[in-house]
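Right, one structure below, let's go through it.
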Amino acid sequence: MTSIGTGYDLSNSVFSPDGRNFQVEYASKAVEADGTAIGIKCKDGIVFAVEKIVSSKLLVPGANKKIQTIDKHIGVAYSGLTPDGRHLVSQGRSEAYTWRGTYKVPISVTSLTDRLAGYVQAYTLYNSVRPFGISAIIGGVDHSGPHLYTIEPSGAYWGYLGAATGKGRQAAKSELEKLDLPNISARDAVKAAAKIIYATHDDAKDKDFELEISWVSTSETKGVHEFVPKELLEEAERLAKEEDEDEEMEED
């Protein structure tokens with residue numbers, strides 16, 4: 001047997017001779033096939049944005065959201081398999097509820113991320129399960145300020161000023177690096193997030209998509225994670241479309 005996958009990708013608990021876990025790598029491919037998700041750390045909070053691909057015109061607008069709330073002060077955006085994302089969110093809510101019941105205080109963003117990363121990593125150890133087919137961007141505001149993390153299918157996690165995952169990950173990261181992070185305001189971050197999603201969207205492959213944006217900010221939401229107001233979302237989309245059209249005209 002060779003180490004290109006044959007034989008070594010049949011079990012989640014087997015390494016190839018060169019130290020690779022092919023099931024985890026395949027899970028990452030599921031993430032790369034889904035729409036782009038980004039997280040931005042700003043002065044007093046976190047902004048999430050997701051490019052949710054619309055696979056059918058018959059789908060109800062706003063259904064199957066890729067941004068969800070784990071606890072009042074913590075949100076998550078993910079790319080990959082939606083059922084896997086829902087399962088991770090459910091586990092996160094259970095962890096937050098247990099922490100609050102035990103310690104009588106809300107769970108910190110770092111503690112929640114650490115627990116969820118350990119949960120995801122456990123699904124890479126046993127033959128009876130498969131890895132999570134998502135990359136999750138977790139962020140929120142706690143007693144020590146805003147925090148932003150990304151959990152990969154392997155269970156590894158890192159802290160970020162700006163994070164991106166999904167098919168437009170590389171282009172989105174390049175755009176995030178141009179921002180003045182973490183000194184940008186929450187409202188400016190919302191507009192920047194919309195521009196990045198529109199800039200990285202591939203019209204040739206995915207015609208229709210819904211833009212989801214949420215935020216958690218001490219100044220705008222009093223530390224509660226919620227979707228941005230409709231008026232702000234529409235303004236951000238309008239500015240993003242205008243800039244996208246201007247760039248296309250310059251290229252022509």
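We name chains A, B, ... following the order of the structure tokens; residues begin at 1 in each chain, and ligands are numbered from 1 as shown.
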
For segment 171-246 of chain A versus segment 142-166 of chain A, which residues have an atom no more than 12 Å away, and what is each residue's nearest atom pair and distance in Å rounded to one decimal, using only C-alpha atoms, chain-then-number order, as a Markdown table?
```
| residue | atom | partner | partner_atom | distance |
| --- | --- | --- | --- | --- |
| A:Ala171 | CA | A:Ala164 | CA | 9.0 |
| A:Ala172 | CA | A:Ala164 | CA | 6.2 |
| A:Lys173 | CA | A:Ala164 | CA | 6.0 |
| A:Ser174 | CA | A:Ala164 | CA | 9.8 |
| A:Glu175 | CA | A:Gly162 | CA | 9.7 |
| A:Leu176 | CA | A:Gly162 | CA | 6.1 |
| A:Glu177 | CA | A:Gly162 | CA | 7.7 |
| A:Lys178 | CA | A:Gly162 | CA | 10.4 |
| A:Leu179 | CA | A:Gly162 | CA | 9.0 |
| A:Asp180 | CA | A:Leu161 | CA | 9.7 |
| A:Leu181 | CA | A:Leu161 | CA | 6.2 |
| A:Pro182 | CA | A:Leu161 | CA | 6.2 |
| A:Asn183 | CA | A:Leu161 | CA | 10.0 |
| A:Ile184 | CA | A:Leu161 | CA | 10.8 |
| A:Ala186 | CA | A:Pro146 | CA | 11.5 |
| A:Ala189 | CA | A:Gly162 | CA | 10.5 |
| A:Ala192 | CA | A:Gly162 | CA | 11.5 |
| A:Ala193 | CA | A:Gly162 | CA | 10.3 |
| A:Ile196 | CA | A:Ala164 | CA | 10.2 |
| A:Ile197 | CA | A:Ala164 | CA | 10.2 |
| A:Thr200 | CA | A:Gly166 | CA | 10.5 |
| A:His201 | CA | A:Gly166 | CA | 10.9 |
| A:Trp215 | CA | A:Pro146 | CA | 11.2 |
| A:Val216 | CA | A:Pro146 | CA | 8.7 |
| A:Ser217 | CA | A:Pro146 | CA | 8.2 |
| A:Thr218 | CA | A:Gly145 | CA | 9.1 |
| A:Lys222 | CA | A:Asp142 | CA | 11.2 |
| A:Gly223 | CA | A:Asp142 | CA | 7.9 |
| A:Val224 | CA | A:Asp142 | CA | 10.1 |
| A:His225 | CA | A:Asp142 | CA | 11.5 |
```

ask   = Taking the backbone alone, and naming residues the way the document does, which bits of segment 170-248 of chain A are strand (DSSP E) by DSSP, as a list in words?
value =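 Taking segment 170-248 of chain A and keeping strand (DSSP E) only, one gets Phe209, Glu210, Leu211, Glu212, Ile213, Ser214, Trp215, Val216, Ser217, Glu226 and Phe227 of chain A.
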
Next, write the just-selected residues to a file, as a CSV table (one decimal), in the first residue's frame, keeping all heavy atoms as the atom set.
```csv
chain,number,residue,atom,x,y,z
A,209,PHE,N,-26.1,34.0,-3.7
A,209,PHE,CA,-25.7,33.7,-2.3
A,209,PHE,C,-26.4,34.8,-1.4
A,209,PHE,O,-26.9,35.8,-1.9
A,209,PHE,CB,-24.2,33.8,-2.2
A,209,PHE,CG,-23.6,35.2,-2.2
A,209,PHE,CD1,-23.4,35.9,-1.0
A,209,PHE,CD2,-23.4,35.8,-3.4
A,209,PHE,CE1,-22.9,37.2,-1.0
A,209,PHE,CE2,-22.8,37.1,-3.4
A,209,PHE,CZ,-22.6,37.8,-2.2
A,210,GLU,N,-26.5,34.4,-0.2
A,210,GLU,CA,-27.1,35.3,0.8
A,210,GLU,C,-25.9,35.8,1.7
A,210,GLU,O,-25.1,35.0,2.1
A,210,GLU,CB,-28.1,34.6,1.7
A,210,GLU,CG,-29.4,34.4,0.9
A,210,GLU,CD,-30.5,33.7,1.8
A,210,GLU,OE1,-30.3,33.7,3.1
A,210,GLU,OE2,-31.5,33.2,1.3
A,211,LEU,N,-25.9,37.1,2.0
A,211,LEU,CA,-24.9,37.6,2.9
A,211,LEU,C,-25.5,37.6,4.3
A,211,LEU,O,-26.5,38.3,4.6
A,211,LEU,CB,-24.5,39.0,2.5
A,211,LEU,CG,-23.5,39.8,3.4
A,211,LEU,CD1,-22.2,39.0,3.5
A,211,LEU,CD2,-23.4,41.2,2.9
A,212,GLU,N,-24.8,37.0,5.2
A,212,GLU,CA,-25.1,37.0,6.7
A,212,GLU,C,-24.1,37.7,7.4
A,212,GLU,O,-22.9,37.5,7.2
A,212,GLU,CB,-25.3,35.6,7.2
A,212,GLU,CG,-26.4,34.7,6.6
A,212,GLU,CD,-26.4,33.3,7.3
A,212,GLU,OE1,-25.7,33.1,8.3
A,212,GLU,OE2,-27.2,32.5,6.8
A,213,ILE,N,-24.5,38.7,8.2
A,213,ILE,CA,-23.5,39.4,9.1
A,213,ILE,C,-24.1,39.6,10.5
A,213,ILE,O,-25.2,40.0,10.7
A,213,ILE,CB,-23.2,40.8,8.5
A,213,ILE,CG1,-22.7,40.8,7.1
A,213,ILE,CG2,-22.2,41.6,9.4
A,213,ILE,CD1,-22.3,42.1,6.5
A,214,SER,N,-23.3,39.3,11.5
A,214,SER,CA,-23.7,39.5,12.9
A,214,SER,C,-22.5,40.1,13.6
A,214,SER,O,-21.4,40.2,13.1
A,214,SER,CB,-24.0,38.1,13.5
A,214,SER,OG,-22.8,37.3,13.7
A,215,TRP,N,-22.8,40.6,14.8
A,215,TRP,CA,-21.8,41.3,15.6
A,215,TRP,C,-22.1,41.1,17.1
A,215,TRP,O,-23.2,40.9,17.5
A,215,TRP,CB,-21.6,42.7,15.2
A,215,TRP,CG,-22.8,43.6,15.3
A,215,TRP,CD1,-24.1,43.2,15.7
A,215,TRP,CD2,-22.9,45.0,15.0
A,215,TRP,NE1,-24.9,44.3,15.7
A,215,TRP,CE2,-24.3,45.4,15.3
A,215,TRP,CE3,-22.0,45.9,14.6
A,215,TRP,CZ2,-24.7,46.7,15.1
A,215,TRP,CZ3,-22.5,47.2,14.4
A,215,TRP,CH2,-23.8,47.6,14.6
A,216,VAL,N,-21.0,41.2,17.9
A,216,VAL,CA,-21.1,41.3,19.3
A,216,VAL,C,-20.1,42.4,19.7
A,216,VAL,O,-18.9,42.3,19.5
A,216,VAL,CB,-20.8,40.0,20.0
A,216,VAL,CG1,-19.5,39.4,19.5
A,216,VAL,CG2,-20.7,40.1,21.5
A,217,SER,N,-20.7,43.5,20.3
A,217,SER,CA,-19.9,44.7,20.6
A,217,SER,C,-20.4,45.3,21.9
A,217,SER,O,-21.6,45.4,22.1
A,217,SER,CB,-20.0,45.7,19.4
A,217,SER,OG,-19.6,46.9,19.8
A,226,GLU,N,-25.7,39.3,18.1
A,226,GLU,CA,-27.0,39.4,17.4
A,226,GLU,C,-26.7,39.7,15.9
A,226,GLU,O,-25.6,40.2,15.6
A,226,GLU,CB,-27.9,40.4,18.0
A,226,GLU,CG,-27.3,41.8,18.1
A,226,GLU,CD,-28.2,42.7,18.9
A,226,GLU,OE1,-28.9,42.3,19.9
A,226,GLU,OE2,-28.2,43.9,18.6
A,227,PHE,N,-27.6,39.5,15.0
A,227,PHE,CA,-27.5,39.9,13.7
A,227,PHE,C,-27.6,41.4,13.5
A,227,PHE,O,-28.3,42.1,14.3
A,227,PHE,CB,-28.5,39.2,12.8
A,227,PHE,CG,-28.2,37.8,12.5
A,227,PHE,CD1,-28.8,36.8,13.3
A,227,PHE,CD2,-27.4,37.4,11.4
A,227,PHE,CE1,-28.5,35.4,13.1
A,227,PHE,CE2,-27.1,36.1,11.2
A,227,PHE,CZ,-27.6,35.1,12.0
```

task = Would you please work out which residue, of A:Asp34, A:Asp44, A:Asp244, A:Asp18, is nearest to Arg187 of chain A when using only C-alpha atoms?
result =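 The closest residue to Arg187 of chain A is A:Asp44.
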
task = Run DSSP on the backbone and grab whatever in segment 123-247 of chain A lands in alpha helix (DSSP H); send it over as a PyMOL selection string.
result = chain A and resi 169-176+186-200+230-247

Using N, CA and C atoms, can you export the residues from the last selection as a compact mmCIF listing (two decimals), in the first residue's frame?
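Dumped everything to result.txt:
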```
# COMPACT_ATOMS: atom_id res chain seq x y z
N ARG A 169 -11.01 31.52 1.10
CA ARG A 169 -10.19 31.79 2.28
C ARG A 169 -8.95 32.63 1.98
N GLN A 170 -8.19 32.23 0.98
CA GLN A 170 -6.92 32.92 0.70
C GLN A 170 -7.15 34.37 0.27
N ALA A 171 -8.11 34.58 -0.62
CA ALA A 171 -8.40 35.95 -1.08
C ALA A 171 -8.93 36.80 0.07
N ALA A 172 -9.77 36.20 0.92
CA ALA A 172 -10.32 36.94 2.06
C ALA A 172 -9.23 37.31 3.05
N LYS A 173 -8.28 36.42 3.28
CA LYS A 173 -7.18 36.73 4.19
C LYS A 173 -6.34 37.89 3.67
N SER A 174 -6.14 37.93 2.36
CA SER A 174 -5.38 39.03 1.77
C SER A 174 -6.08 40.37 2.00
N GLU A 175 -7.41 40.37 1.90
CA GLU A 175 -8.18 41.59 2.13
C GLU A 175 -8.19 41.96 3.62
N LEU A 176 -8.26 40.96 4.48
CA LEU A 176 -8.26 41.22 5.92
C LEU A 176 -6.96 41.85 6.38
N ALA A 186 -16.72 48.75 15.03
CA ALA A 186 -17.62 47.65 14.69
C ALA A 186 -18.40 47.96 13.42
N ARG A 187 -18.88 49.19 13.28
CA ARG A 187 -19.67 49.55 12.08
C ARG A 187 -18.80 49.52 10.82
N ASP A 188 -17.58 50.00 10.94
CA ASP A 188 -16.67 49.94 9.79
C ASP A 188 -16.32 48.50 9.45
N ALA A 189 -16.22 47.66 10.48
CA ALA A 189 -15.92 46.24 10.25
C ALA A 189 -17.05 45.55 9.51
N VAL A 190 -18.29 45.94 9.80
CA VAL A 190 -19.44 45.37 9.09
C VAL A 190 -19.36 45.69 7.61
N LYS A 191 -19.06 46.94 7.29
CA LYS A 191 -18.97 47.36 5.88
C LYS A 191 -17.78 46.69 5.20
N ALA A 192 -16.68 46.55 5.93
CA ALA A 192 -15.50 45.89 5.35
C ALA A 192 -15.78 44.41 5.11
N ALA A 193 -16.51 43.78 6.03
CA ALA A 193 -16.83 42.36 5.89
C ALA A 193 -17.69 42.12 4.65
N ALA A 194 -18.67 42.97 4.43
CA ALA A 194 -19.53 42.83 3.25
C ALA A 194 -18.71 42.97 1.96
N LYS A 195 -17.79 43.94 1.93
CA LYS A 195 -16.95 44.14 0.75
C LYS A 195 -16.07 42.92 0.48
N ILE A 196 -15.54 42.32 1.54
CA ILE A 196 -14.67 41.16 1.38
C ILE A 196 -15.46 39.98 0.83
N ILE A 197 -16.66 39.74 1.35
CA ILE A 197 -17.47 38.62 0.87
C ILE A 197 -17.81 38.80 -0.61
N TYR A 198 -18.21 40.01 -0.99
CA TYR A 198 -18.55 40.26 -2.40
C TYR A 198 -17.32 40.17 -3.29
N ALA A 199 -16.18 40.62 -2.78
CA ALA A 199 -14.94 40.59 -3.58
C ALA A 199 -14.45 39.18 -3.82
N THR A 200 -14.68 38.28 -2.86
CA THR A 200 -14.18 36.91 -2.99
C THR A 200 -15.19 35.96 -3.60
N LYS A 230 -31.24 45.49 9.92
CA LYS A 230 -31.52 45.39 8.49
C LYS A 230 -31.00 46.58 7.72
N GLU A 231 -31.15 47.78 8.29
CA GLU A 231 -30.70 48.99 7.61
C GLU A 231 -29.19 48.99 7.39
N LEU A 232 -28.44 48.57 8.40
CA LEU A 232 -26.99 48.54 8.29
C LEU A 232 -26.55 47.47 7.30
N LEU A 233 -27.22 46.32 7.31
CA LEU A 233 -26.90 45.25 6.37
C LEU A 233 -27.13 45.71 4.93
N GLU A 234 -28.25 46.37 4.69
CA GLU A 234 -28.56 46.85 3.34
C GLU A 234 -27.54 47.90 2.88
N GLU A 235 -27.14 48.78 3.80
CA GLU A 235 -26.14 49.79 3.46
C GLU A 235 -24.80 49.15 3.13
N ALA A 236 -24.41 48.16 3.94
CA ALA A 236 -23.13 47.47 3.71
C ALA A 236 -23.16 46.72 2.38
N GLU A 237 -24.29 46.09 2.06
CA GLU A 237 -24.41 45.37 0.79
C GLU A 237 -24.36 46.34 -0.39
N ARG A 238 -25.02 47.49 -0.25
CA ARG A 238 -25.03 48.47 -1.33
C ARG A 238 -23.62 48.98 -1.62
N LEU A 239 -22.87 49.31 -0.57
CA LEU A 239 -21.51 49.79 -0.75
C LEU A 239 -20.61 48.71 -1.35
N ALA A 240 -20.83 47.46 -0.92
CA ALA A 240 -20.03 46.35 -1.43
C ALA A 240 -20.30 46.12 -2.92
N LYS A 241 -21.56 46.18 -3.31
CA LYS A 241 -21.92 45.98 -4.71
C LYS A 241 -21.36 47.10 -5.58
N GLU A 242 -21.43 48.32 -5.09
CA GLU A 242 -20.91 49.45 -5.85
C GLU A 242 -19.41 49.32 -6.07
N GLU A 243 -18.68 48.95 -5.03
CA GLU A 243 -17.23 48.80 -5.16
C GLU A 243 -16.89 47.64 -6.07
N ASP A 244 -17.67 46.55 -5.98
CA ASP A 244 -17.44 45.38 -6.82
C ASP A 244 -17.66 45.73 -8.29
N GLU A 245 -18.71 46.51 -8.58
CA GLU A 245 -19.00 46.92 -9.95
C GLU A 245 -17.94 47.87 -10.48
N ASP A 246 -17.44 48.76 -9.63
CA ASP A 246 -16.39 49.69 -10.04
C ASP A 246 -15.11 48.94 -10.42
N GLU A 247 -14.78 47.92 -9.64
CA GLU A 247 -13.58 47.14 -9.93
C GLU A 247 -13.73 46.37 -11.24
```

query = Do you know which residues are at most 7 Å from segment 107-110 of chain A counting only C-alpha atoms, after dropping those on the same chain fewer than 4 positions away, and could you put them as a ChimeraX atom specification?
reply = /A:74,96,99-100,114,139-140,142,147

Residues of the last selection are to be written out with N, CA and C atoms, as a PDB file, in the first residue's frame.
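File written: part_38.pdb
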```pdb
ATOM      1  N   ILE A  74     -21.324  35.123  22.831  1.00  0.00           N
ATOM      2  CA  ILE A  74     -20.444  34.373  21.930  1.00  0.00           C
ATOM      3  C   ILE A  74     -21.213  33.916  20.696  1.00  0.00           C
ATOM      4  N   ALA A  96     -21.521  25.823  27.552  1.00  0.00           N
ATOM      5  CA  ALA A  96     -21.767  27.137  28.151  1.00  0.00           C
ATOM      6  C   ALA A  96     -22.784  27.038  29.285  1.00  0.00           C
ATOM      7  N   TRP A  99     -21.114  25.329  32.309  1.00  0.00           N
ATOM      8  CA  TRP A  99     -20.173  26.262  32.960  1.00  0.00           C
ATOM      9  C   TRP A  99     -20.929  27.282  33.807  1.00  0.00           C
ATOM     10  N   ARG A 100     -22.003  27.838  33.251  1.00  0.00           N
ATOM     11  CA  ARG A 100     -22.782  28.838  33.970  1.00  0.00           C
ATOM     12  C   ARG A 100     -23.424  28.243  35.215  1.00  0.00           C
ATOM     13  N   ASP A 114     -11.453  26.224  23.841  1.00  0.00           N
ATOM     14  CA  ASP A 114     -10.592  25.116  24.250  1.00  0.00           C
ATOM     15  C   ASP A 114     -11.398  23.832  24.422  1.00  0.00           C
ATOM     16  N   GLY A 139     -16.121  33.690  18.211  1.00  0.00           N
ATOM     17  CA  GLY A 139     -15.717  34.975  18.759  1.00  0.00           C
ATOM     18  C   GLY A 139     -16.744  35.529  19.724  1.00  0.00           C
ATOM     19  N   GLY A 140     -16.305  36.444  20.550  1.00  0.00           N
ATOM     20  CA  GLY A 140     -17.213  37.060  21.502  1.00  0.00           C
ATOM     21  C   GLY A 140     -16.487  38.056  22.383  1.00  0.00           C
ATOM     22  N   ASP A 142     -15.865  38.989  26.465  1.00  0.00           N
ATOM     23  CA  ASP A 142     -16.010  38.591  27.864  1.00  0.00           C
ATOM     24  C   ASP A 142     -15.322  39.611  28.763  1.00  0.00           C
ATOM     25  N   HIS A 147     -12.439  38.430  21.710  1.00  0.00           N
ATOM     26  CA  HIS A 147     -11.550  37.335  21.327  1.00  0.00           C
ATOM     27  C   HIS A 147     -12.087  36.671  20.075  1.00  0.00           C
TER      28      HIS A 147
END
```

I'd like the contact shell of Thr82 of chain A - 10 Å cut-off, only C-alpha atoms, skipping same-chain residues fewer than 5 positions apart - returned as a short mmCIF file (atom, residue, chain, number, x, y, z; two decimals) with N, CA and C atoms, in the first residue's frame.
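Saved to out-v1.cif:
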```
data_model
loop_
_atom_site.label_atom_id
_atom_site.label_comp_id
_atom_site.auth_asym_id
_atom_site.auth_seq_id
_atom_site.Cartn_x
_atom_site.Cartn_y
_atom_site.Cartn_z
N ASP A 34 -17.23 24.88 0.48
CA ASP A 34 -18.37 25.67 0.93
C ASP A 34 -18.06 27.17 0.82
N ASN A 64 -31.45 27.94 7.22
CA ASN A 64 -30.15 27.25 7.30
C ASN A 64 -28.99 28.23 7.49
N LYS A 65 -29.10 29.06 8.50
CA LYS A 65 -28.07 30.08 8.75
C LYS A 65 -26.73 29.46 9.12
N LYS A 66 -25.68 30.09 8.64
CA LYS A 66 -24.31 29.65 8.93
C LYS A 66 -23.70 30.41 10.09
N HIS A 87 -24.28 20.54 15.01
CA HIS A 87 -23.90 19.65 16.12
C HIS A 87 -22.87 20.32 17.02
N LEU A 88 -21.90 21.00 16.41
CA LEU A 88 -20.87 21.68 17.21
C LEU A 88 -21.48 22.82 18.01
N GLY A 133 -16.68 18.00 9.46
CA GLY A 133 -16.43 18.59 8.15
C GLY A 133 -16.65 20.08 8.14
N ILE A 134 -16.15 20.78 9.14
CA ILE A 134 -16.31 22.24 9.22
C ILE A 134 -15.04 22.87 9.78
#
```

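Between atom CA of Thr36 of chain A and atom CA of Lys52 of chain A the separation is 7.7 Å.
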
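The spacing separating atom CA of Arg93 of chain A from atom CA of Tyr119 of chain A amounts to 13.0 Å.
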
Distance criterion (only C-alpha atoms): nearest to Ile46 of chain A out of A:Arg130, A:Arg20, A:Lys29, A:His73 = A:His73

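The nearest approach to Val24 of chain A among the residues A:Thr102, A:Ser55, A:Ser90, A:Thr124, with only C-alpha atoms taken into account, belongs to A:Thr124.
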
task = Work out how far apart atom CA of Arg115 of chain A and atom CA of Gly92 of chain A are and give it in Å to one decimal.
result = 8.3 Å

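Shortest atom-to-atom contact with Lys43 of chain A among A:Leu81, A:Leu10, A:Ala117, A:Val141: A:Val141, counting only C-alpha atoms.
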